[in-house]
>>> print(open('entry-v1.txt').read())   # compact mmCIF, N, CA and C atoms
# COMPACT_ATOMS: atom_id res chain seq x y z
N MET D 1268 15.35 -21.36 -10.64
CA MET D 1268 15.41 -19.96 -10.29
C MET D 1268 15.02 -19.77 -8.83
N GLU D 1269 15.83 -19.05 -8.08
CA GLU D 1269 15.58 -18.80 -6.67
C GLU D 1269 14.61 -17.64 -6.52
N HIS D 1270 13.65 -17.79 -5.60
CA HIS D 1270 12.68 -16.74 -5.36
C HIS D 1270 12.97 -16.07 -4.02
N ALA D 1271 12.57 -14.82 -3.89
CA ALA D 1271 12.72 -14.11 -2.62
C ALA D 1271 11.86 -14.81 -1.57
N PRO D 1272 12.37 -14.94 -0.36
CA PRO D 1272 11.58 -15.63 0.68
C PRO D 1272 10.39 -14.83 1.20
N ILE D 1273 10.42 -13.52 1.01
CA ILE D 1273 9.29 -12.67 1.42
C ILE D 1273 8.65 -12.13 0.16
N LEU D 1274 7.38 -12.45 -0.03
CA LEU D 1274 6.68 -12.03 -1.24
C LEU D 1274 5.59 -11.03 -0.89
N VAL D 1275 5.61 -9.90 -1.58
CA VAL D 1275 4.56 -8.89 -1.44
C VAL D 1275 3.78 -8.96 -2.74
N HIS D 1276 2.57 -9.48 -2.65
CA HIS D 1276 1.76 -9.74 -3.84
C HIS D 1276 1.21 -8.45 -4.46
N ARG D 1277 0.63 -8.61 -5.63
CA ARG D 1277 0.06 -7.45 -6.33
C ARG D 1277 -1.03 -6.79 -5.49
N ILE D 1278 -1.32 -5.55 -5.81
CA ILE D 1278 -2.33 -4.78 -5.09
C ILE D 1278 -3.70 -5.41 -5.31
N SER D 1279 -4.44 -5.59 -4.21
CA SER D 1279 -5.78 -6.15 -4.35
C SER D 1279 -6.74 -5.06 -4.83
N PRO D 1280 -7.88 -5.43 -5.37
CA PRO D 1280 -8.84 -4.44 -5.85
C PRO D 1280 -9.32 -3.48 -4.75
N THR D 1281 -9.27 -3.92 -3.50
CA THR D 1281 -9.71 -3.07 -2.39
C THR D 1281 -8.54 -2.35 -1.72
N GLY D 1282 -7.34 -2.51 -2.26
CA GLY D 1282 -6.15 -1.89 -1.69
C GLY D 1282 -5.40 -2.85 -0.79
N GLY D 1283 -4.16 -2.55 -0.58
CA GLY D 1283 -3.32 -3.40 0.24
C GLY D 1283 -2.70 -4.54 -0.57
N ARG D 1284 -1.67 -5.13 0.01
CA ARG D 1284 -0.96 -6.23 -0.64
C ARG D 1284 -0.74 -7.36 0.36
N ARG D 1285 -1.08 -8.57 -0.06
CA ARG D 1285 -0.86 -9.74 0.78
C ARG D 1285 0.63 -9.98 0.91
N VAL D 1286 1.08 -10.29 2.12
CA VAL D 1286 2.49 -10.54 2.39
C VAL D 1286 2.64 -11.99 2.83
N VAL D 1287 3.56 -12.70 2.17
CA VAL D 1287 3.76 -14.12 2.41
C VAL D 1287 5.25 -14.36 2.64
N ILE D 1288 5.57 -15.25 3.57
CA ILE D 1288 6.95 -15.68 3.73
C ILE D 1288 7.03 -17.15 3.37
N ARG D 1289 8.04 -17.52 2.62
CA ARG D 1289 8.23 -18.90 2.19
C ARG D 1289 9.44 -19.48 2.93
N VAL D 1290 9.20 -20.53 3.70
CA VAL D 1290 10.26 -21.21 4.43
C VAL D 1290 10.17 -22.70 4.11
N HIS D 1291 11.24 -23.26 3.60
CA HIS D 1291 11.30 -24.68 3.22
C HIS D 1291 10.15 -25.07 2.30
N GLY D 1292 9.82 -24.18 1.37
CA GLY D 1292 8.80 -24.46 0.37
C GLY D 1292 7.37 -24.30 0.87
N VAL D 1293 7.19 -23.83 2.09
CA VAL D 1293 5.86 -23.66 2.66
C VAL D 1293 5.59 -22.16 2.79
N ASP D 1294 4.47 -21.71 2.20
CA ASP D 1294 4.07 -20.31 2.27
C ASP D 1294 3.20 -20.06 3.49
N THR D 1295 3.51 -18.99 4.21
CA THR D 1295 2.70 -18.57 5.35
C THR D 1295 2.31 -17.11 5.12
N VAL D 1296 1.01 -16.84 5.17
CA VAL D 1296 0.51 -15.48 4.98
C VAL D 1296 0.74 -14.72 6.29
N LEU D 1297 1.42 -13.58 6.18
CA LEU D 1297 1.68 -12.74 7.35
C LEU D 1297 0.57 -11.71 7.56
N GLY D 1298 -0.13 -11.36 6.48
CA GLY D 1298 -1.20 -10.38 6.58
C GLY D 1298 -1.30 -9.57 5.30
N VAL D 1299 -2.11 -8.53 5.36
CA VAL D 1299 -2.27 -7.60 4.23
C VAL D 1299 -1.67 -6.27 4.66
N ALA D 1300 -0.67 -5.83 3.91
CA ALA D 1300 -0.01 -4.56 4.21
C ALA D 1300 -0.66 -3.44 3.41
N TYR D 1301 -0.88 -2.32 4.08
CA TYR D 1301 -1.41 -1.13 3.44
C TYR D 1301 -0.36 -0.03 3.38
N SER D 1302 0.85 -0.34 3.89
CA SER D 1302 1.95 0.61 3.88
C SER D 1302 3.25 -0.14 4.21
N ASP D 1303 4.38 0.53 3.98
CA ASP D 1303 5.66 -0.05 4.38
C ASP D 1303 5.69 -0.27 5.89
N ARG D 1304 5.02 0.60 6.63
CA ARG D 1304 4.97 0.45 8.09
C ARG D 1304 4.35 -0.90 8.47
N ASP D 1305 3.27 -1.29 7.77
CA ASP D 1305 2.65 -2.59 8.03
C ASP D 1305 3.62 -3.72 7.71
N LEU D 1306 4.30 -3.61 6.59
CA LEU D 1306 5.25 -4.65 6.18
C LEU D 1306 6.36 -4.80 7.22
N VAL D 1307 6.91 -3.69 7.70
CA VAL D 1307 7.93 -3.72 8.74
C VAL D 1307 7.39 -4.41 9.99
N GLU D 1308 6.17 -4.09 10.37
CA GLU D 1308 5.57 -4.69 11.57
C GLU D 1308 5.40 -6.20 11.41
N PHE D 1309 4.96 -6.67 10.25
CA PHE D 1309 4.83 -8.12 10.04
C PHE D 1309 6.18 -8.80 10.22
N LEU D 1310 7.22 -8.21 9.67
CA LEU D 1310 8.56 -8.81 9.77
C LEU D 1310 9.09 -8.74 11.20
N ARG D 1311 8.79 -7.66 11.90
CA ARG D 1311 9.21 -7.54 13.30
C ARG D 1311 8.55 -8.63 14.15
N ARG D 1312 7.27 -8.90 13.89
CA ARG D 1312 6.54 -9.91 14.67
C ARG D 1312 7.11 -11.31 14.52
N ILE D 1313 7.69 -11.60 13.37
CA ILE D 1313 8.29 -12.93 13.18
C ILE D 1313 9.80 -12.90 13.44
N GLU D 1314 10.23 -11.81 14.08
CA GLU D 1314 11.60 -11.66 14.56
C GLU D 1314 12.66 -11.66 13.46
N ILE D 1315 12.33 -11.03 12.34
CA ILE D 1315 13.32 -10.80 11.28
C ILE D 1315 14.24 -9.68 11.76
N PRO D 1316 15.56 -9.88 11.73
CA PRO D 1316 16.48 -8.82 12.17
C PRO D 1316 16.40 -7.59 11.26
N ASP D 1317 16.44 -6.43 11.85
CA ASP D 1317 16.45 -5.14 11.14
C ASP D 1317 15.38 -5.04 10.06
N PRO D 1318 14.10 -5.20 10.42
CA PRO D 1318 13.05 -5.18 9.39
C PRO D 1318 12.96 -3.85 8.64
N GLU D 1319 13.26 -2.74 9.33
CA GLU D 1319 13.21 -1.44 8.65
C GLU D 1319 14.23 -1.37 7.53
N GLU D 1320 15.44 -1.83 7.82
CA GLU D 1320 16.51 -1.81 6.81
C GLU D 1320 16.15 -2.74 5.64
N LEU D 1321 15.56 -3.87 5.96
CA LEU D 1321 15.17 -4.83 4.92
C LEU D 1321 14.16 -4.20 3.96
N VAL D 1322 13.15 -3.54 4.50
CA VAL D 1322 12.09 -2.94 3.67
C VAL D 1322 12.59 -1.69 2.96
N HIS D 1323 13.18 -0.78 3.70
CA HIS D 1323 13.57 0.51 3.13
C HIS D 1323 14.85 0.43 2.32
N GLY D 1324 15.63 -0.63 2.52
CA GLY D 1324 16.86 -0.82 1.76
C GLY D 1324 16.65 -1.57 0.46
N ASP D 1325 15.39 -1.88 0.14
CA ASP D 1325 15.05 -2.61 -1.09
C ASP D 1325 15.85 -3.90 -1.22
N SER D 1326 15.82 -4.70 -0.18
CA SER D 1326 16.54 -5.97 -0.13
C SER D 1326 16.03 -6.96 -1.18
N PRO D 1327 16.93 -7.75 -1.76
CA PRO D 1327 16.50 -8.80 -2.68
C PRO D 1327 15.75 -9.93 -1.96
N ALA D 1328 15.72 -9.91 -0.64
CA ALA D 1328 14.96 -10.90 0.12
C ALA D 1328 13.45 -10.66 0.02
N ILE D 1329 13.07 -9.47 -0.47
CA ILE D 1329 11.66 -9.14 -0.64
C ILE D 1329 11.35 -9.07 -2.13
N GLY D 1330 10.40 -9.89 -2.56
CA GLY D 1330 9.96 -9.88 -3.95
C GLY D 1330 8.64 -9.14 -4.07
N TRP D 1331 8.63 -8.11 -4.89
CA TRP D 1331 7.42 -7.31 -5.12
C TRP D 1331 6.79 -7.80 -6.41
N GLN D 1332 5.57 -8.34 -6.33
CA GLN D 1332 4.91 -8.90 -7.49
C GLN D 1332 3.82 -7.97 -7.99
N GLY D 1333 3.88 -7.64 -9.27
CA GLY D 1333 2.85 -6.82 -9.88
C GLY D 1333 2.83 -5.41 -9.33
N GLY D 1334 3.21 -4.46 -10.11
CA GLY D 1334 3.22 -3.07 -9.67
C GLY D 1334 4.55 -2.65 -9.07
N GLN D 1335 4.62 -1.41 -8.71
CA GLN D 1335 5.84 -0.82 -8.17
C GLN D 1335 6.03 -1.20 -6.70
N PRO D 1336 7.27 -1.41 -6.26
CA PRO D 1336 7.52 -1.61 -4.84
C PRO D 1336 7.07 -0.39 -4.03
N HIS D 1337 6.64 -0.64 -2.81
CA HIS D 1337 6.26 0.40 -1.86
C HIS D 1337 4.96 1.12 -2.23
N VAL D 1338 4.21 0.61 -3.18
CA VAL D 1338 2.91 1.19 -3.57
C VAL D 1338 1.84 0.19 -3.15
N TYR D 1339 0.82 0.68 -2.45
CA TYR D 1339 -0.18 -0.20 -1.86
C TYR D 1339 -1.60 0.04 -2.36
N GLU D 1340 -1.78 1.05 -3.20
CA GLU D 1340 -3.08 1.33 -3.82
C GLU D 1340 -2.83 1.64 -5.29
N ASP D 1341 -3.79 1.29 -6.15
CA ASP D 1341 -3.61 1.50 -7.59
C ASP D 1341 -3.36 2.95 -7.95
N SER D 1342 -3.98 3.90 -7.26
CA SER D 1342 -3.83 5.29 -7.63
C SER D 1342 -2.63 5.96 -6.95
N GLU D 1343 -1.96 5.24 -6.08
CA GLU D 1343 -0.85 5.80 -5.31
C GLU D 1343 0.41 5.91 -6.17
N GLU D 1344 1.11 7.00 -6.05
CA GLU D 1344 2.38 7.20 -6.75
C GLU D 1344 3.50 6.60 -5.92
N PRO D 1345 4.56 6.07 -6.55
CA PRO D 1345 5.67 5.55 -5.78
C PRO D 1345 6.35 6.65 -4.98
N PRO D 1346 6.91 6.30 -3.80
CA PRO D 1346 7.57 7.33 -2.99
C PRO D 1346 8.82 7.85 -3.69
N ALA D 1347 9.16 9.11 -3.40
CA ALA D 1347 10.35 9.74 -4.00
C ALA D 1347 11.61 9.27 -3.33
>>> encode(input="entry-v1.txt", output="structure tokens")
Amino acid sequence: MEHAPILVHRISPTGGRRVVIRVHGVDTVLGVAYSDRDLVEFLRRIEIPDPEELVHGDSPAIGWQGGQPHVYEDSEEPPA
């Protein structure tokens, strides 16, 4: 089974989600995102083309683990 190369992990108890990119089987932590803006910035820094479109377009290249996509705190409602 193929996995998305960009993984947004489940929400941590203190908020935010760890973001990891997998290249050739090696995981690299990009940081902890507290919003889609943070996620876009992490992808921009590693020169991913069109990071806004990737995040906001719900690309299959991003795997959201545990919880709803685009939600970064347990009490937060998903965006409309």
>>> select_by_dssp(input="entry-v1.txt", residues="chain D", states="helix (DSSP H, G or I)", output="VMD selection string")
chain D and resid 1303 to 1312 1318 to 1323
>>> residues_near_point(input="entry-v1.txt", point="(-1.5, -9.3, 0.6)", cutoff="5 Å", atoms="all atoms listed in the file", output="PyMOL selection string")
chain D and resi 1284-1286+1298-1300
>>> closest_residue(input="entry-v1.txt", among="D:Gly1333, D:Val1307, D:Val1296, D:Tyr1301", to="Gly1282 (chain D)", atoms="all atoms listed in the file")
D:Tyr1301
>>> residues_around(input="entry-v1.txt", residues="Ser1342 (chain D)", least_positions_apart="4", cutoff="12 Å", atoms="only C-alpha atoms", output="list in words")
Ile1278, Pro1280, Thr1281, Gly1282, Gly1283, Gly1334, Gln1335 and Val1338 of chain D
>>> residues_near_point(input="entry-v1.txt", point="(5.8, -11.8, 3.6)", cutoff="6.5 Å", atoms="only N, CA and C atoms", output="PyMOL selection string")
chain D and resi 1272-1275+1285-1289+1296-1297
>>> write_last_selection(input="entry-v1.txt", atoms="N, CA and C atoms", output="JSON list (two decimals), keeping the file's coordinate frame")
[["chain", "number", "residue", "atom", "x", "y", "z"],
["D", 1272, "PRO", "N", 12.37, -14.94, -0.36],
["D", 1272, "PRO", "CA", 11.58, -15.63, 0.68],
["D", 1272, "PRO", "C", 10.39, -14.83, 1.20],
["D", 1273, "ILE", "N", 10.42, -13.52, 1.01],
["D", 1273, "ILE", "CA", 9.29, -12.67, 1.42],
["D", 1273, "ILE", "C", 8.65, -12.13, 0.16],
["D", 1274, "LEU", "N", 7.38, -12.45, -0.03],
["D", 1274, "LEU", "CA", 6.68, -12.03, -1.24],
["D", 1274, "LEU", "C", 5.59, -11.03, -0.89],
["D", 1275, "VAL", "N", 5.61, -9.90, -1.58],
["D", 1275, "VAL", "CA", 4.56, -8.89, -1.44],
["D", 1275, "VAL", "C", 3.78, -8.96, -2.74],
["D", 1285, "ARG", "N", -1.08, -8.57, -0.06],
["D", 1285, "ARG", "CA", -0.86, -9.74, 0.78],
["D", 1285, "ARG", "C", 0.63, -9.98, 0.91],
["D", 1286, "VAL", "N", 1.08, -10.29, 2.12],
["D", 1286, "VAL", "CA", 2.49, -10.54, 2.39],
["D", 1286, "VAL", "C", 2.64, -11.99, 2.83],
["D", 1287, "VAL", "N", 3.56, -12.70, 2.17],
["D", 1287, "VAL", "CA", 3.76, -14.12, 2.41],
["D", 1287, "VAL", "C", 5.25, -14.36, 2.64],
["D", 1288, "ILE", "N", 5.57, -15.25, 3.57],
["D", 1288, "ILE", "CA", 6.95, -15.68, 3.73],
["D", 1288, "ILE", "C", 7.03, -17.15, 3.37],
["D", 1289, "ARG", "N", 8.04, -17.52, 2.62],
["D", 1289, "ARG", "CA", 8.23, -18.90, 2.19],
["D", 1289, "ARG", "C", 9.44, -19.48, 2.93],
["D", 1296, "VAL", "N", 1.01, -16.84, 5.17],
["D", 1296, "VAL", "CA", 0.51, -15.48, 4.98],
["D", 1296, "VAL", "C", 0.74, -14.72, 6.29],
["D", 1297, "LEU", "N", 1.42, -13.58, 6.18],
["D", 1297, "LEU", "CA", 1.68, -12.74, 7.35],
["D", 1297, "LEU", "C", 0.57, -11.71, 7.56]]
>>> select_by_dssp(input="entry-v1.txt", residues="region 1280-1331 of chain D", states="strand (DSSP E or B)", output="NGL selection string")
:D and (1284-1290 or 1293-1300 or 1329-1331)
>>> atom_distance(input="entry-v1.txt", atom1="atom C of Leu1310 (chain D)", atom2="CA of Gly1330 (chain D)")
15.2 Å
>>> atom_distance(input="entry-v1.txt", atom1="CA of Val1322 (chain D)", atom2="CA of His1337 (chain D)")
8.7 Å
>>> closest_residue(input="entry-v1.txt", among="D:His1323, D:Asp1317, D:Gln1332, D:His1276", to="Asp1303 (chain D)", atoms="all atoms listed in the file")
D:His1323
>>> atom_distance(input="entry-v1.txt", atom1="CA of Leu1306 (chain D)", atom2="CA of Tyr1339 (chain D)")
10.7 Å
>>> closest_residue(input="entry-v1.txt", among="D:Ser1326, D:Ser1302, D:Asp1294, D:His1270", to="Glu1340 (chain D)", atoms="all atoms listed in the file")
D:Ser1302
>>> build_atoms(input="entry-v1.txt", residues="region 1322-1333 of chain D", atoms="all heavy atoms", output="tab-separated table (two decimals), keeping the file's coordinate frame")
chain	number	residue	atom	x	y	z
D	1322	VAL	N	13.15	-3.54	4.50
D	1322	VAL	CA	12.09	-2.94	3.67
D	1322	VAL	C	12.59	-1.69	2.96
D	1322	VAL	O	12.46	-1.55	1.75
D	1322	VAL	CB	10.84	-2.62	4.52
D	1322	VAL	CG1	9.82	-1.83	3.72
D	1322	VAL	CG2	10.22	-3.92	5.04
D	1323	HIS	N	13.18	-0.78	3.70
D	1323	HIS	CA	13.57	0.51	3.13
D	1323	HIS	C	14.85	0.43	2.32
D	1323	HIS	O	15.12	1.30	1.50
D	1323	HIS	CB	13.67	1.57	4.21
D	1323	HIS	CG	12.37	1.78	4.93
D	1323	HIS	ND1	11.27	2.33	4.32
D	1323	HIS	CD2	11.98	1.47	6.19
D	1323	HIS	CE1	10.26	2.37	5.17
D	1323	HIS	NE2	10.66	1.85	6.31
D	1324	GLY	N	15.63	-0.63	2.52
D	1324	GLY	CA	16.86	-0.82	1.76
D	1324	GLY	C	16.65	-1.57	0.46
D	1324	GLY	O	17.59	-1.89	-0.24
D	1325	ASP	N	15.39	-1.88	0.14
D	1325	ASP	CA	15.05	-2.61	-1.09
D	1325	ASP	C	15.85	-3.90	-1.22
D	1325	ASP	O	16.47	-4.16	-2.24
D	1325	ASP	CB	15.21	-1.71	-2.32
D	1325	ASP	CG	14.18	-0.60	-2.34
D	1325	ASP	OD1	13.02	-0.86	-1.96
D	1325	ASP	OD2	14.53	0.52	-2.74
D	1326	SER	N	15.82	-4.70	-0.18
D	1326	SER	CA	16.54	-5.97	-0.13
D	1326	SER	C	16.03	-6.96	-1.18
D	1326	SER	O	14.82	-7.04	-1.42
D	1326	SER	CB	16.38	-6.60	1.26
D	1326	SER	OG	16.89	-7.90	1.27
D	1327	PRO	N	16.93	-7.75	-1.76
D	1327	PRO	CA	16.50	-8.80	-2.68
D	1327	PRO	C	15.75	-9.93	-1.96
D	1327	PRO	O	15.18	-10.80	-2.60
D	1327	PRO	CB	17.80	-9.30	-3.30
D	1327	PRO	CG	18.88	-8.89	-2.37
D	1327	PRO	CD	18.40	-7.66	-1.66
D	1328	ALA	N	15.72	-9.91	-0.64
D	1328	ALA	CA	14.96	-10.90	0.12
D	1328	ALA	C	13.45	-10.66	0.02
D	1328	ALA	O	12.66	-11.52	0.37
D	1328	ALA	CB	15.38	-10.89	1.59
D	1329	ILE	N	13.07	-9.47	-0.47
D	1329	ILE	CA	11.66	-9.14	-0.64
D	1329	ILE	C	11.35	-9.07	-2.13
D	1329	ILE	O	11.97	-8.31	-2.87
D	1329	ILE	CB	11.31	-7.79	0.02
D	1329	ILE	CG1	11.59	-7.86	1.53
D	1329	ILE	CG2	9.83	-7.44	-0.24
D	1329	ILE	CD1	11.35	-6.56	2.26
D	1330	GLY	N	10.40	-9.89	-2.56
D	1330	GLY	CA	9.96	-9.88	-3.95
D	1330	GLY	C	8.64	-9.14	-4.07
D	1330	GLY	O	7.67	-9.47	-3.40
D	1331	TRP	N	8.63	-8.11	-4.89
D	1331	TRP	CA	7.42	-7.31	-5.12
D	1331	TRP	C	6.79	-7.80	-6.41
D	1331	TRP	O	7.38	-7.70	-7.47
D	1331	TRP	CB	7.78	-5.84	-5.24
D	1331	TRP	CG	8.38	-5.28	-3.99
D	1331	TRP	CD1	9.70	-5.32	-3.63
D	1331	TRP	CD2	7.70	-4.61	-2.93
D	1331	TRP	NE1	9.87	-4.70	-2.42
D	1331	TRP	CE2	8.66	-4.26	-1.97
D	1331	TRP	CE3	6.36	-4.26	-2.73
D	1331	TRP	CZ2	8.33	-3.57	-0.81
D	1331	TRP	CZ3	6.04	-3.59	-1.57
D	1331	TRP	CH2	7.01	-3.25	-0.62
D	1332	GLN	N	5.57	-8.34	-6.33
D	1332	GLN	CA	4.91	-8.90	-7.49
D	1332	GLN	C	3.82	-7.97	-7.99
D	1332	GLN	O	2.96	-7.55	-7.22
D	1332	GLN	CB	4.31	-10.26	-7.14
D	1332	GLN	CG	5.36	-11.26	-6.71
D	1332	GLN	CD	4.76	-12.61	-6.37
D	1332	GLN	OE1	3.60	-12.71	-6.03
D	1332	GLN	NE2	5.57	-13.64	-6.48
D	1333	GLY	N	3.88	-7.64	-9.27
D	1333	GLY	CA	2.85	-6.82	-9.88
D	1333	GLY	C	2.83	-5.41	-9.33
D	1333	GLY	O	2.52	-5.18	-8.17
